[in-house]
file coords11.csv (CSV, C-alpha atoms)
chain,number,residue,atom,x,y,z
A,1,MET,CA,23.1,-1.8,35.9
A,2,THR,CA,24.2,-1.7,39.5
A,3,ALA,CA,27.3,-3.6,40.7
A,4,LEU,CA,26.7,-6.4,43.2
A,5,PRO,CA,28.5,-5.7,46.5
A,6,VAL,CA,30.5,-8.5,48.1
A,7,LYS,CA,29.7,-9.7,51.6
A,8,ASN,CA,30.9,-7.2,54.2
A,9,PRO,CA,32.3,-4.6,51.8
A,10,LYS,CA,34.2,-2.8,54.5
A,11,PRO,CA,37.3,-0.8,53.7
A,12,ALA,CA,40.6,-2.7,54.1
A,13,HIS,CA,43.2,-1.3,56.5
A,14,ILE,CA,46.6,-2.4,55.4
A,15,THR,CA,50.2,-1.9,56.5
A,16,SER,CA,53.4,-2.3,54.5
A,17,GLU,CA,53.6,-5.8,55.9
A,18,ASP,CA,50.3,-6.7,54.3
A,19,LEU,CA,51.6,-5.9,50.8
A,20,ARG,CA,53.0,-9.4,50.5
A,21,ASP,CA,49.6,-10.9,51.1
A,22,LEU,CA,48.0,-8.4,48.8
A,23,ALA,CA,50.4,-9.2,46.0
A,24,ARG,CA,49.8,-13.0,46.4
A,25,GLY,CA,46.0,-12.6,46.4
A,26,ALA,CA,46.1,-10.2,43.5
A,27,ALA,CA,48.3,-12.6,41.5
A,28,PHE,CA,45.8,-15.4,42.1
A,29,LEU,CA,42.9,-13.2,40.9
A,30,GLY,CA,45.0,-12.1,38.0
A,31,THR,CA,44.6,-15.6,36.4
A,32,GLY,CA,48.2,-15.6,35.2
A,33,GLY,CA,48.4,-11.9,34.1
A,34,GLY,CA,48.5,-8.4,35.4
A,35,GLY,CA,52.3,-8.2,35.7
A,36,ASP,CA,54.7,-9.8,38.1
A,37,PRO,CA,53.4,-9.6,41.7
A,38,TYR,CA,56.9,-9.8,43.2
A,39,LEU,CA,58.2,-6.8,41.4
A,40,GLY,CA,55.0,-5.0,42.0
A,41,ARG,CA,55.3,-5.6,45.7
A,42,LEU,CA,58.9,-4.4,45.8
A,43,MET,CA,57.9,-1.1,44.0
A,44,ALA,CA,54.9,-0.6,46.3
A,45,GLU,CA,57.0,-1.2,49.4
A,46,ASN,CA,59.5,1.4,48.2
A,47,ALA,CA,56.8,4.0,47.6
A,48,VAL,CA,55.1,3.3,50.9
A,49,ARG,CA,58.5,3.7,52.7
A,50,ASP,CA,59.1,7.0,51.0
A,51,PHE,CA,55.5,8.5,51.0
A,52,GLY,CA,53.4,6.5,53.5
A,53,MET,CA,50.6,4.0,53.1
A,54,PRO,CA,47.5,5.4,51.3
A,55,GLU,CA,44.1,5.2,53.0
A,56,ILE,CA,41.9,2.5,51.6
A,57,ILE,CA,38.2,3.5,51.2
A,58,SER,CA,35.2,1.4,50.3
A,59,VAL,CA,33.0,2.2,47.3
A,60,ASN,CA,30.1,2.8,49.6
A,61,GLY,CA,32.1,5.5,51.3
A,62,LEU,CA,32.8,7.4,48.1
A,63,SER,CA,30.9,10.6,47.3
A,64,ASP,CA,29.0,10.7,44.0
A,65,ASP,CA,31.0,13.7,42.7
A,66,ALA,CA,34.4,12.4,43.6
A,67,VAL,CA,36.9,12.2,40.7
A,68,VAL,CA,38.3,8.7,40.2
A,69,LEU,CA,41.3,7.9,38.0
A,70,THR,CA,43.0,4.5,37.3
A,71,ALA,CA,46.7,3.7,37.3
A,72,ALA,CA,48.2,0.7,35.6
A,73,MET,CA,50.8,-0.9,33.4
A,74,VAL,CA,50.3,-1.8,29.7
A,75,GLY,CA,52.4,-4.2,27.8
A,76,ALA,CA,53.9,-7.7,28.0
A,77,PRO,CA,54.4,-9.2,31.5
A,78,THR,CA,57.5,-10.9,30.3
A,79,VAL,CA,59.1,-7.5,29.5
A,80,MET,CA,58.1,-6.0,32.9
A,81,ILE,CA,60.4,-8.4,34.6
A,82,GLU,CA,63.4,-6.6,33.1
A,83,LYS,CA,61.8,-3.1,32.8
A,84,CYS,CA,60.1,-1.9,36.0
A,85,ALA,CA,58.3,1.4,36.7
A,86,SER,CA,60.1,4.1,38.6
A,87,GLY,CA,57.0,5.5,40.2
A,88,GLU,CA,57.7,8.9,38.7
A,89,ASP,CA,56.3,7.7,35.4
A,90,LEU,CA,53.1,6.5,37.0
A,91,GLU,CA,52.7,9.7,38.9
A,92,LEU,CA,53.2,11.7,35.8
A,93,ALA,CA,50.5,9.7,33.9
A,94,VAL,CA,47.9,10.4,36.6
A,95,LYS,CA,48.8,14.1,36.9
A,96,ARG,CA,48.8,14.6,33.2
A,97,LEU,CA,45.3,13.0,32.8
A,98,GLY,CA,44.0,15.3,35.6
A,99,GLU,CA,45.4,18.3,33.7
A,100,ILE,CA,43.9,17.2,30.4
A,101,THR,CA,40.4,16.6,31.8
A,102,GLY,CA,40.5,19.6,34.2
A,103,ARG,CA,39.5,17.2,37.0
A,104,GLN,CA,42.2,16.4,39.5
A,105,PRO,CA,41.7,13.0,41.1
A,106,ASP,CA,40.3,12.5,44.6
A,107,VAL,CA,41.0,8.8,44.6
A,108,ILE,CA,42.9,6.2,42.7
A,109,SER,CA,41.4,2.9,41.5
A,110,SER,CA,42.8,-0.3,40.0
A,111,ALA,CA,41.8,-1.1,36.5
A,112,GLU,CA,42.3,-4.8,37.2
A,113,ILE,CA,42.8,-6.7,40.4
A,114,GLY,CA,45.8,-8.8,39.1
A,115,GLY,CA,49.5,-9.1,39.8
A,116,ALA,CA,51.5,-5.9,39.6
A,117,ASN,CA,48.5,-3.9,38.4
A,118,SER,CA,47.0,-4.2,41.8
A,119,LEU,CA,50.1,-2.8,43.4
A,120,LEU,CA,50.8,0.0,41.0
A,121,PRO,CA,47.8,2.0,42.2
A,122,VAL,CA,49.3,1.8,45.7
A,123,ILE,CA,52.4,3.5,44.3
A,124,ALA,CA,50.3,6.2,42.5
A,125,ALA,CA,48.1,6.9,45.5
A,126,ALA,CA,51.1,7.0,47.9
A,127,ARG,CA,53.1,9.4,45.8
A,128,LEU,CA,50.1,11.7,45.2
A,129,GLY,CA,48.8,11.5,48.8
A,130,LEU,CA,45.4,10.2,47.7
A,131,PRO,CA,43.3,7.3,49.0
A,132,LEU,CA,42.9,4.0,47.2
A,133,LEU,CA,39.5,2.7,46.2
A,134,ASP,CA,38.5,-0.8,47.2
A,135,CYS,CA,37.3,-1.6,43.7
A,136,ASP,CA,38.5,-2.5,40.2
A,137,GLY,CA,37.1,-2.9,36.7
A,138,MET,CA,37.4,-6.7,36.2
A,139,GLY,CA,37.4,-8.7,39.4
A,140,ARG,CA,40.3,-10.5,37.6
A,141,ALA,CA,42.8,-9.5,34.8
A,142,PHE,CA,42.3,-9.2,31.1
A,143,PRO,CA,44.8,-8.3,28.3
A,144,GLU,CA,43.0,-5.4,26.7
A,145,ILE,CA,42.2,-1.9,27.9
A,146,GLN,CA,38.5,-1.9,26.8
A,147,MET,CA,37.9,-5.2,28.7
A,148,VAL,CA,36.8,-3.5,31.9
A,149,THR,CA,33.4,-3.1,33.5
A,150,PHE,CA,33.9,0.7,33.5
A,151,ASN,CA,33.9,0.6,29.7
A,152,ILE,CA,31.2,-2.1,29.4
A,153,TYR,CA,28.7,0.0,31.4
A,154,GLY,CA,29.4,3.4,29.9
A,155,VAL,CA,32.7,5.1,31.1
A,156,SER,CA,35.0,6.1,28.3
A,157,PRO,CA,38.6,4.9,28.5
A,158,THR,CA,39.9,8.1,26.9
A,159,PRO,CA,41.5,10.5,27.2
A,160,ALA,CA,44.3,8.3,28.3
A,161,VAL,CA,47.9,9.1,29.1
A,162,VAL,CA,50.8,6.7,28.4
A,163,VAL,CA,54.3,7.4,29.9
A,164,ASN,CA,57.5,5.4,29.5
A,165,GLU,CA,60.6,5.2,31.6
A,166,HIS,CA,62.1,8.3,29.9
A,167,LEU,CA,58.9,10.2,30.9
A,168,GLU,CA,57.9,10.6,27.3
A,169,THR,CA,54.2,11.1,27.2
A,170,VAL,CA,51.5,10.2,24.6
A,171,VAL,CA,47.9,11.3,25.0
A,172,VAL,CA,45.3,9.1,23.2
A,173,GLU,CA,41.8,10.4,22.5
A,174,THR,CA,39.2,8.5,20.5
A,175,ALA,CA,35.5,7.7,20.9
A,176,ASP,CA,36.0,3.9,20.1
A,177,PRO,CA,37.2,1.9,23.1
A,178,LYS,CA,38.7,-0.9,21.0
A,179,ARG,CA,40.4,1.7,18.9
A,180,ALA,CA,41.9,3.1,22.1
A,181,GLU,CA,43.3,-0.3,22.9
A,182,ASP,CA,44.8,-0.7,19.4
A,183,ILE,CA,46.5,2.7,19.5
A,184,ILE,CA,47.8,2.4,23.1
A,185,ARG,CA,49.1,-1.1,22.3
A,186,ALA,CA,51.0,0.3,19.3
A,187,VAL,CA,52.4,3.1,21.4
A,188,ALA,CA,53.4,0.6,24.1
A,189,ILE,CA,55.3,-1.4,21.5
A,190,GLN,CA,57.2,1.7,20.3
A,191,MET,CA,57.9,2.7,23.9
A,192,GLY,CA,59.4,-0.7,24.8
A,193,LEU,CA,56.5,-3.0,25.6
A,194,SER,CA,56.1,-1.9,29.3
A,195,VAL,CA,54.6,1.5,29.9
A,196,MET,CA,52.5,3.2,32.6
A,197,PHE,CA,49.1,4.7,31.8
A,198,SER,CA,46.2,6.4,33.4
A,199,ALA,CA,42.7,6.3,32.0
A,200,TYR,CA,39.0,6.0,32.8
A,201,SER,CA,38.4,9.4,34.4
A,202,MET,CA,35.0,8.9,36.2
A,203,THR,CA,32.9,10.2,39.0
A,204,GLY,CA,32.3,8.4,42.3
A,205,ARG,CA,28.8,7.6,41.1
A,206,GLU,CA,30.1,6.0,37.9
A,207,ALA,CA,32.6,3.9,39.9
A,208,LYS,CA,29.8,2.7,42.2
A,209,THR,CA,27.6,1.6,39.3
A,210,THR,CA,30.3,0.2,36.9
A,211,GLY,CA,33.0,-1.2,39.1
A,212,VAL,CA,33.6,-4.6,40.8
A,213,HIS,CA,33.4,-3.7,44.5
A,214,GLY,CA,35.6,-5.0,47.3
A,215,THR,CA,38.2,-6.7,45.3
A,216,LEU,CA,41.2,-5.2,47.0
A,217,SER,CA,39.9,-6.6,50.3
A,218,ILE,CA,39.3,-9.9,48.7
A,219,ALA,CA,42.8,-10.1,47.2
A,220,LEU,CA,44.2,-9.3,50.7
A,221,ASP,CA,42.1,-12.0,52.3
A,222,ILE,CA,43.1,-14.5,49.7
A,223,GLY,CA,46.8,-13.8,50.4
A,224,ARG,CA,46.2,-14.1,54.1
A,225,THR,CA,44.2,-17.3,53.7
A,226,ILE,CA,47.0,-19.0,51.6
A,227,ARG,CA,49.6,-18.0,54.2
A,228,ALA,CA,47.4,-19.3,57.1
A,229,GLY,CA,46.7,-22.5,55.2
A,230,ARG,CA,50.4,-23.2,54.8
A,231,LYS,CA,50.8,-23.2,58.5
A,232,GLN,CA,48.1,-25.9,58.7
A,233,GLY,CA,49.6,-27.8,55.8
A,234,GLU,CA,46.5,-27.4,53.6
A,235,PRO,CA,46.7,-24.1,51.7
A,236,ILE,CA,44.6,-25.3,48.7
A,237,ARG,CA,41.8,-26.5,50.9
A,238,ALA,CA,41.9,-23.2,52.9
A,239,LEU,CA,41.9,-21.2,49.6
A,240,LEU,CA,38.8,-23.1,48.2
A,241,GLU,CA,36.9,-22.7,51.5
A,242,TYR,CA,37.5,-18.9,51.4
A,243,LEU,CA,36.5,-18.6,47.7
A,244,ARG,CA,33.3,-20.4,48.4
A,245,SER,CA,32.4,-17.8,51.1
A,246,THR,CA,32.5,-14.9,48.6
A,247,ASP,CA,29.8,-13.7,46.3
A,248,TYR,CA,31.9,-13.6,43.2
A,249,TYR,CA,34.2,-16.6,43.3
A,250,LYS,CA,32.0,-19.2,45.2
A,251,HIS,CA,31.9,-21.7,42.3
A,252,CYS,CA,35.4,-23.2,42.2
A,253,LYS,CA,37.0,-26.6,41.6
A,254,VAL,CA,40.5,-28.1,41.2
A,255,LEU,CA,40.6,-29.0,37.5
A,256,SER,CA,44.0,-30.8,37.6
A,257,ASP,CA,46.8,-31.9,39.9
A,258,GLY,CA,49.9,-32.6,37.9
A,259,LYS,CA,53.0,-31.2,36.3
A,260,ILE,CA,53.6,-29.0,33.3
A,261,ALA,CA,54.4,-31.4,30.5
A,262,ASP,CA,54.5,-28.9,27.6
A,263,LEU,CA,54.8,-25.2,27.3
A,264,SER,CA,54.8,-22.8,24.3
A,265,ARG,CA,55.1,-19.1,24.9
A,266,LYS,CA,56.1,-16.1,22.8
A,267,THR,CA,55.8,-12.3,23.0
A,268,ASP,CA,53.8,-11.0,20.1
A,269,LYS,CA,52.0,-7.7,19.4
A,270,GLY,CA,52.5,-6.6,23.0
A,271,TRP,CA,51.2,-9.8,24.6
A,272,SER,CA,52.6,-13.0,26.1
A,273,ILE,CA,50.8,-15.7,24.0
A,274,GLY,CA,50.8,-19.5,24.1
A,275,HIS,CA,49.5,-22.6,25.9
A,276,CYS,CA,50.7,-25.1,28.5
A,277,VAL,CA,49.8,-28.7,29.1
A,278,VAL,CA,49.3,-30.1,32.6
A,279,SER,CA,49.7,-33.8,32.8
A,280,SER,CA,47.8,-35.5,35.7
A,281,LEU,CA,50.0,-37.2,38.3
A,282,ALA,CA,47.4,-39.9,38.8
A,283,ASP,CA,47.0,-40.5,35.0
A,284,PRO,CA,49.7,-39.1,32.7
A,285,ASP,CA,47.3,-39.6,29.7
A,286,ASN,CA,44.8,-37.2,31.3
A,287,CYS,CA,46.0,-33.8,30.1
A,288,LEU,CA,44.7,-30.3,30.7
A,289,ASP,CA,45.5,-27.8,28.0
A,290,ILE,CA,45.5,-24.1,28.9
A,291,THR,CA,45.5,-21.3,26.3
A,292,PHE,CA,46.7,-17.9,27.4
A,293,ARG,CA,47.1,-14.3,26.2
A,294,ASN,CA,48.7,-12.6,29.1
A,295,GLU,CA,46.0,-14.3,31.2
A,296,PHE,CA,44.8,-17.9,31.2
A,297,LEU,CA,41.7,-18.0,29.0
A,298,VAL,CA,40.4,-21.5,28.6
A,299,ALA,CA,41.2,-24.9,30.0
A,300,ARG,CA,40.3,-28.1,28.0
A,301,GLN,CA,40.5,-31.5,29.6
A,302,ASN,CA,41.3,-34.0,26.9
A,303,GLY,CA,39.7,-31.6,24.4
A,304,ARG,CA,36.6,-30.8,26.4
A,305,VAL,CA,36.2,-27.2,27.8
A,306,VAL,CA,36.2,-27.3,31.6
A,307,THR,CA,36.5,-23.5,32.3
A,308,ILE,CA,36.3,-20.7,29.8
A,309,VAL,CA,36.7,-16.9,29.9
A,310,PRO,CA,35.4,-14.7,31.5
A,311,ASP,CA,35.3,-17.4,34.3
A,312,MET,CA,38.8,-17.8,35.7
A,313,VAL,CA,41.6,-20.4,35.3
A,314,CYS,CA,44.2,-20.1,38.0
A,315,VAL,CA,47.5,-22.0,38.3
A,316,VAL,CA,49.1,-22.4,41.7
A,317,ASP,CA,52.1,-24.4,43.1
A,318,SER,CA,50.7,-27.7,44.2
A,319,GLU,CA,52.3,-27.6,47.6
A,320,THR,CA,52.2,-23.9,48.7
A,321,ALA,CA,49.3,-22.6,46.6
A,322,GLU,CA,51.5,-19.8,45.4
A,323,PRO,CA,50.0,-18.3,42.3
A,324,ILE,CA,52.0,-18.8,39.1
A,325,THR,CA,51.8,-16.1,36.4
A,326,VAL,CA,52.2,-16.8,32.7
A,327,GLU,CA,55.8,-15.5,32.6
A,328,ARG,CA,56.7,-17.7,35.6
A,329,LEU,CA,55.5,-21.0,34.0
A,330,ARG,CA,58.3,-23.6,33.7
A,331,TYR,CA,58.4,-27.1,32.3
A,332,GLY,CA,58.1,-29.7,35.0
A,333,GLN,CA,56.5,-27.5,37.6
A,334,ARG,CA,54.1,-29.3,40.0
A,335,VAL,CA,50.9,-27.4,39.9
A,336,LYS,CA,47.2,-27.4,40.6
A,337,VAL,CA,44.8,-25.7,38.2
A,338,ILE,CA,41.7,-24.2,39.7
A,339,GLY,CA,38.6,-23.1,37.8
A,340,ILE,CA,36.6,-20.3,39.4
A,341,SER,CA,33.4,-18.3,38.6
A,342,CYS,CA,33.9,-14.6,37.8
A,343,ALA,CA,32.1,-11.5,39.0
A,344,PRO,CA,28.4,-11.4,37.8
A,345,LEU,CA,29.1,-8.1,36.0
A,346,LEU,CA,31.2,-10.0,33.5
A,347,ARG,CA,28.5,-12.5,32.7
A,348,THR,CA,25.9,-10.2,31.2
A,349,PRO,CA,25.2,-10.1,27.5
A,350,GLU,CA,26.8,-6.6,27.4
A,351,ALA,CA,29.9,-7.9,29.1
A,352,LEU,CA,30.2,-11.1,27.0
A,353,SER,CA,30.3,-9.0,23.8
A,354,VAL,CA,33.5,-7.5,25.2
A,355,VAL,CA,35.2,-10.2,27.3
A,356,GLY,CA,33.5,-13.4,26.1
A,357,PRO,CA,35.3,-16.2,24.3
A,358,ASN,CA,34.7,-14.9,20.8
A,359,GLU,CA,36.7,-11.7,21.7
A,360,PHE,CA,39.8,-13.9,22.1
A,361,GLY,CA,39.2,-16.0,19.0
A,362,ILE,CA,37.9,-18.9,21.0
A,363,GLU,CA,35.1,-20.8,19.1
A,364,GLU,CA,33.4,-22.4,22.1
A,365,PRO,CA,30.6,-20.3,23.7
A,366,PHE,CA,30.8,-19.2,27.3
A,367,GLN,CA,29.3,-21.6,29.8
A,368,PRO,CA,29.4,-20.9,33.5
A,369,ILE,CA,31.6,-23.2,35.5
A,370,GLU,CA,28.8,-24.3,37.7
A,371,GLU,CA,26.9,-25.5,34.6
A,372,ILE,CA,29.9,-27.4,33.3
A,373,HIS,CA,30.5,-29.2,36.6
A,374,ASP,CA,28.0,-30.6,39.0
A,375,ASP,CA,30.3,-30.4,42.1
A,376,VAL,CA,31.1,-26.7,42.3
call {"tool": "encode", "arguments": {"input": "coords11.csv", "output": "C-alpha cells"}}
result
Amino acid sequence: MTALPVKNPKPAHITSEDLRDLARGAAFLGTGGGGDPYLGRLMAENAVRDFGMPEIISVNGLSDDAVVLTAAMVGAPTVMIEKCASGEDLELAVKRLGEITGRQPDVISSAEIGGANSLLPVIAAARLGLPLLDCDGMGRAFPEIQMVTFNIYGVSPTPAVVVNEHLETVVVETADPKRAEDIIRAVAIQMGLSVMFSAYSMTGREAKTTGVHGTLSIALDIGRTIRAGRKQGEPIRALLEYLRSTDYYKHCKVLSDGKIADLSRKTDKGWSIGHCVVSSLADPDNCLDITFRNEFLVARQNGRVVTIVPDMVCVVDSETAEPITVERLRYGQRVKVIGISCAPLLRTPEALSVVGPNEFGIEEPFQPIEEIHDDV
C-alpha cells in the first residue's frame, strides 16, 4: 500500500525560532502523549545551538536506497518531566543501531509526530550532522512501539537499541513486533521509565511506502496557525480552519467546551493511565469522559462514543488553544476538546488490527468521526 501524500508536500525550512511552533503543533498532534513538548523544545534548542539546525527533506526527495533510522523516547511521560535526555544517550542509540545493522543512517525520522518525540529526532539529526525526514510512523502518537505504520506495512522494529542516562545499552532482537514492545517496555521500567531508543532501520523506499508523509511540516503549520490565531483573538477557529485544509485531519469538531471536573491518573507498567471528565460550561450535567493511556484514546459524551482511536482526541486550553498533554492535565482547567480524523493509513483493516480500539481493551468498534457526526 502506498502512503497518501498531503497537499503541497514540500520540505520544511525551519530555524531555531521555529522550534516553539513545531513543539506546539507536535503536542497537538500527539493527542496528549509523546512526551512533554516544552522540555523537548528546550533540549532541541540546546542541540541546535551547539550543532546547528539539521536540513529537513521531503519523502519525495529521498533516494530509494537511503538508510533511515528513527530516534525517540520510550516510557511514561510523567517521568520524563523529571528525567530528561542528555542528547548523548540519543546519539549513542542511533550510532549503535547503525553498527549492529551494518547500515549507518543517511537520514533520521520521527517514529511519532507527538510532543517531545517530534523534537528528539531534531537532537539526533543535529548531533550526527544528518538531515531530518518530513515524515513519521503515526501521524499522531501511540503508546506502544509496534503501533506505527512502518510495522503495519512490513518494516521490522528490531533490532532496536535502548539507552538510559548512564549510557547503559540494551539491544533487543525478536521477530514479533508486539514481543519487541513488551521486552523494551520491561527494559524501560528497569532503566527508570524514561529511556532513549532507535529502531525501524529501513530504506528510503520503505519510508516512502510505509510512512505518514509531511507531518513535520503540518505540525509546524499548526503551531504557526495557533500563534497567528491568538493575535486575532480566535486561535480555535484558526486551528479548525487549518485542519480542514489538510488531507489527513480535515474532519474535525469541538466536542466539548468546559472545565476538567474529575481526573484520575497513575503511572503503571510504563504508561500514564487514567481518565478525565470535562463538564460543559453551558450545561454542567453534559459531561465528556476521556480515557487515556499516554494518549487520549476515546471520548464518550454522556456514555456515547463521539471520537475513538485511531481517530484523535485533542485537549487544548479554551482561550489560547495551547495543547495540553496527559501529564499536564489539572482539575479545574478550562479546556476545549477537539475530535479529529487520523491519517488514512491508520484506518485500513491491517492498521486497525494493530491500533484499533480492541488493541487498547476498548469494546466499542472503530467508527470514523465523520460517520459519528454529520457536521464535520
call {"tool": "closest_atom_pairs", "arguments": {"input": "coords11.csv", "of": "stretch 47-73 of chain A", "to": "stretch 125-129 of chain A", "cutoff": "8 Å", "atoms": "all atoms listed in the file", "output": "JSON lines"}}
result
{"residue": "A:Ala47", "atom": "CA", "partner": "A:Ala126", "partner_atom": "CA", "distance": 6.4}
{"residue": "A:Val48", "atom": "CA", "partner": "A:Ala126", "partner_atom": "CA", "distance": 6.2}
{"residue": "A:Phe51", "atom": "CA", "partner": "A:Ala126", "partner_atom": "CA", "distance": 5.6}
{"residue": "A:Gly52", "atom": "CA", "partner": "A:Ala126", "partner_atom": "CA", "distance": 6.1}
{"residue": "A:Met53", "atom": "CA", "partner": "A:Ala126", "partner_atom": "CA", "distance": 6.0}
{"residue": "A:Pro54", "atom": "CA", "partner": "A:Ala126", "partner_atom": "CA", "distance": 5.2}
call {"tool": "closest_residue", "arguments": {"input": "coords11.csv", "among": "A:Ser318, A:Ser198, A:Ser63, A:Thr70", "to": "A:Gly332", "atoms": "all atoms listed in the file"}}
result
A:Ser318
call {"tool": "closest_residue", "arguments": {"input": "coords11.csv", "among": "A:Thr325, A:Asn302, A:Ser217, A:Gln232", "to": "A:Leu22", "atoms": "only C-alpha atoms"}}
result
A:Ser217
call {"tool": "atom_distance", "arguments": {"input": "coords11.csv", "atom1": "atom CA of A:Glu82", "atom2": "atom CA of A:Met43"}}
result
13.4 Å
call {"tool": "atom_distance", "arguments": {"input": "coords11.csv", "atom1": "atom CA of A:Val298", "atom2": "atom CA of A:Ala343"}}
result
16.6 Å
call {"tool": "atom_distance", "arguments": {"input": "coords11.csv", "atom1": "atom CA of A:Ser245", "atom2": "atom CA of A:Cys314"}}
result
17.8 Å
call {"tool": "residues_around", "arguments": {"input": "coords11.csv", "residues": "A:Tyr153", "least_positions_apart": "5", "cutoff": "10 Å", "atoms": "all atoms listed in the file", "output": "ChimeraX atom specification"}}
result
/A:1-2,148,206,209-211,345,350-351
call {"tool": "closest_residue", "arguments": {"input": "coords11.csv", "among": "A:Ile340, A:Ile108, A:Val278, A:Ala116", "to": "A:Tyr248", "atoms": "all atoms listed in the file"}}
result
A:Ile340
call {"tool": "closest_residue", "arguments": {"input": "coords11.csv", "among": "A:Thr291, A:Thr158, A:Ser109, A:Thr246", "to": "A:Ser264", "atoms": "all atoms listed in the file"}}
result
A:Thr291
call {"tool": "closest_residue", "arguments": {"input": "coords11.csv", "among": "A:Leu133, A:Ile218, A:Ala27, A:Cys287", "to": "A:Val326", "atoms": "only C-alpha atoms"}}
result
A:Ala27
call {"tool": "residues_around", "arguments": {"input": "coords11.csv", "residues": "A:Cys276", "least_positions_apart": "4", "cutoff": "6 Å", "atoms": "all atoms listed in the file", "output": "PDB file with C-alpha atoms, keeping the file's coordinate frame"}}
result
ATOM      1  CA  ASP A 262      54.500 -28.900  27.600  1.00  0.00           C
ATOM      2  CA  LEU A 263      54.800 -25.200  27.300  1.00  0.00           C
ATOM      3  CA  ASP A 289      45.500 -27.800  28.000  1.00  0.00           C
ATOM      4  CA  ILE A 290      45.500 -24.100  28.900  1.00  0.00           C
TER       5      ILE A 290
END
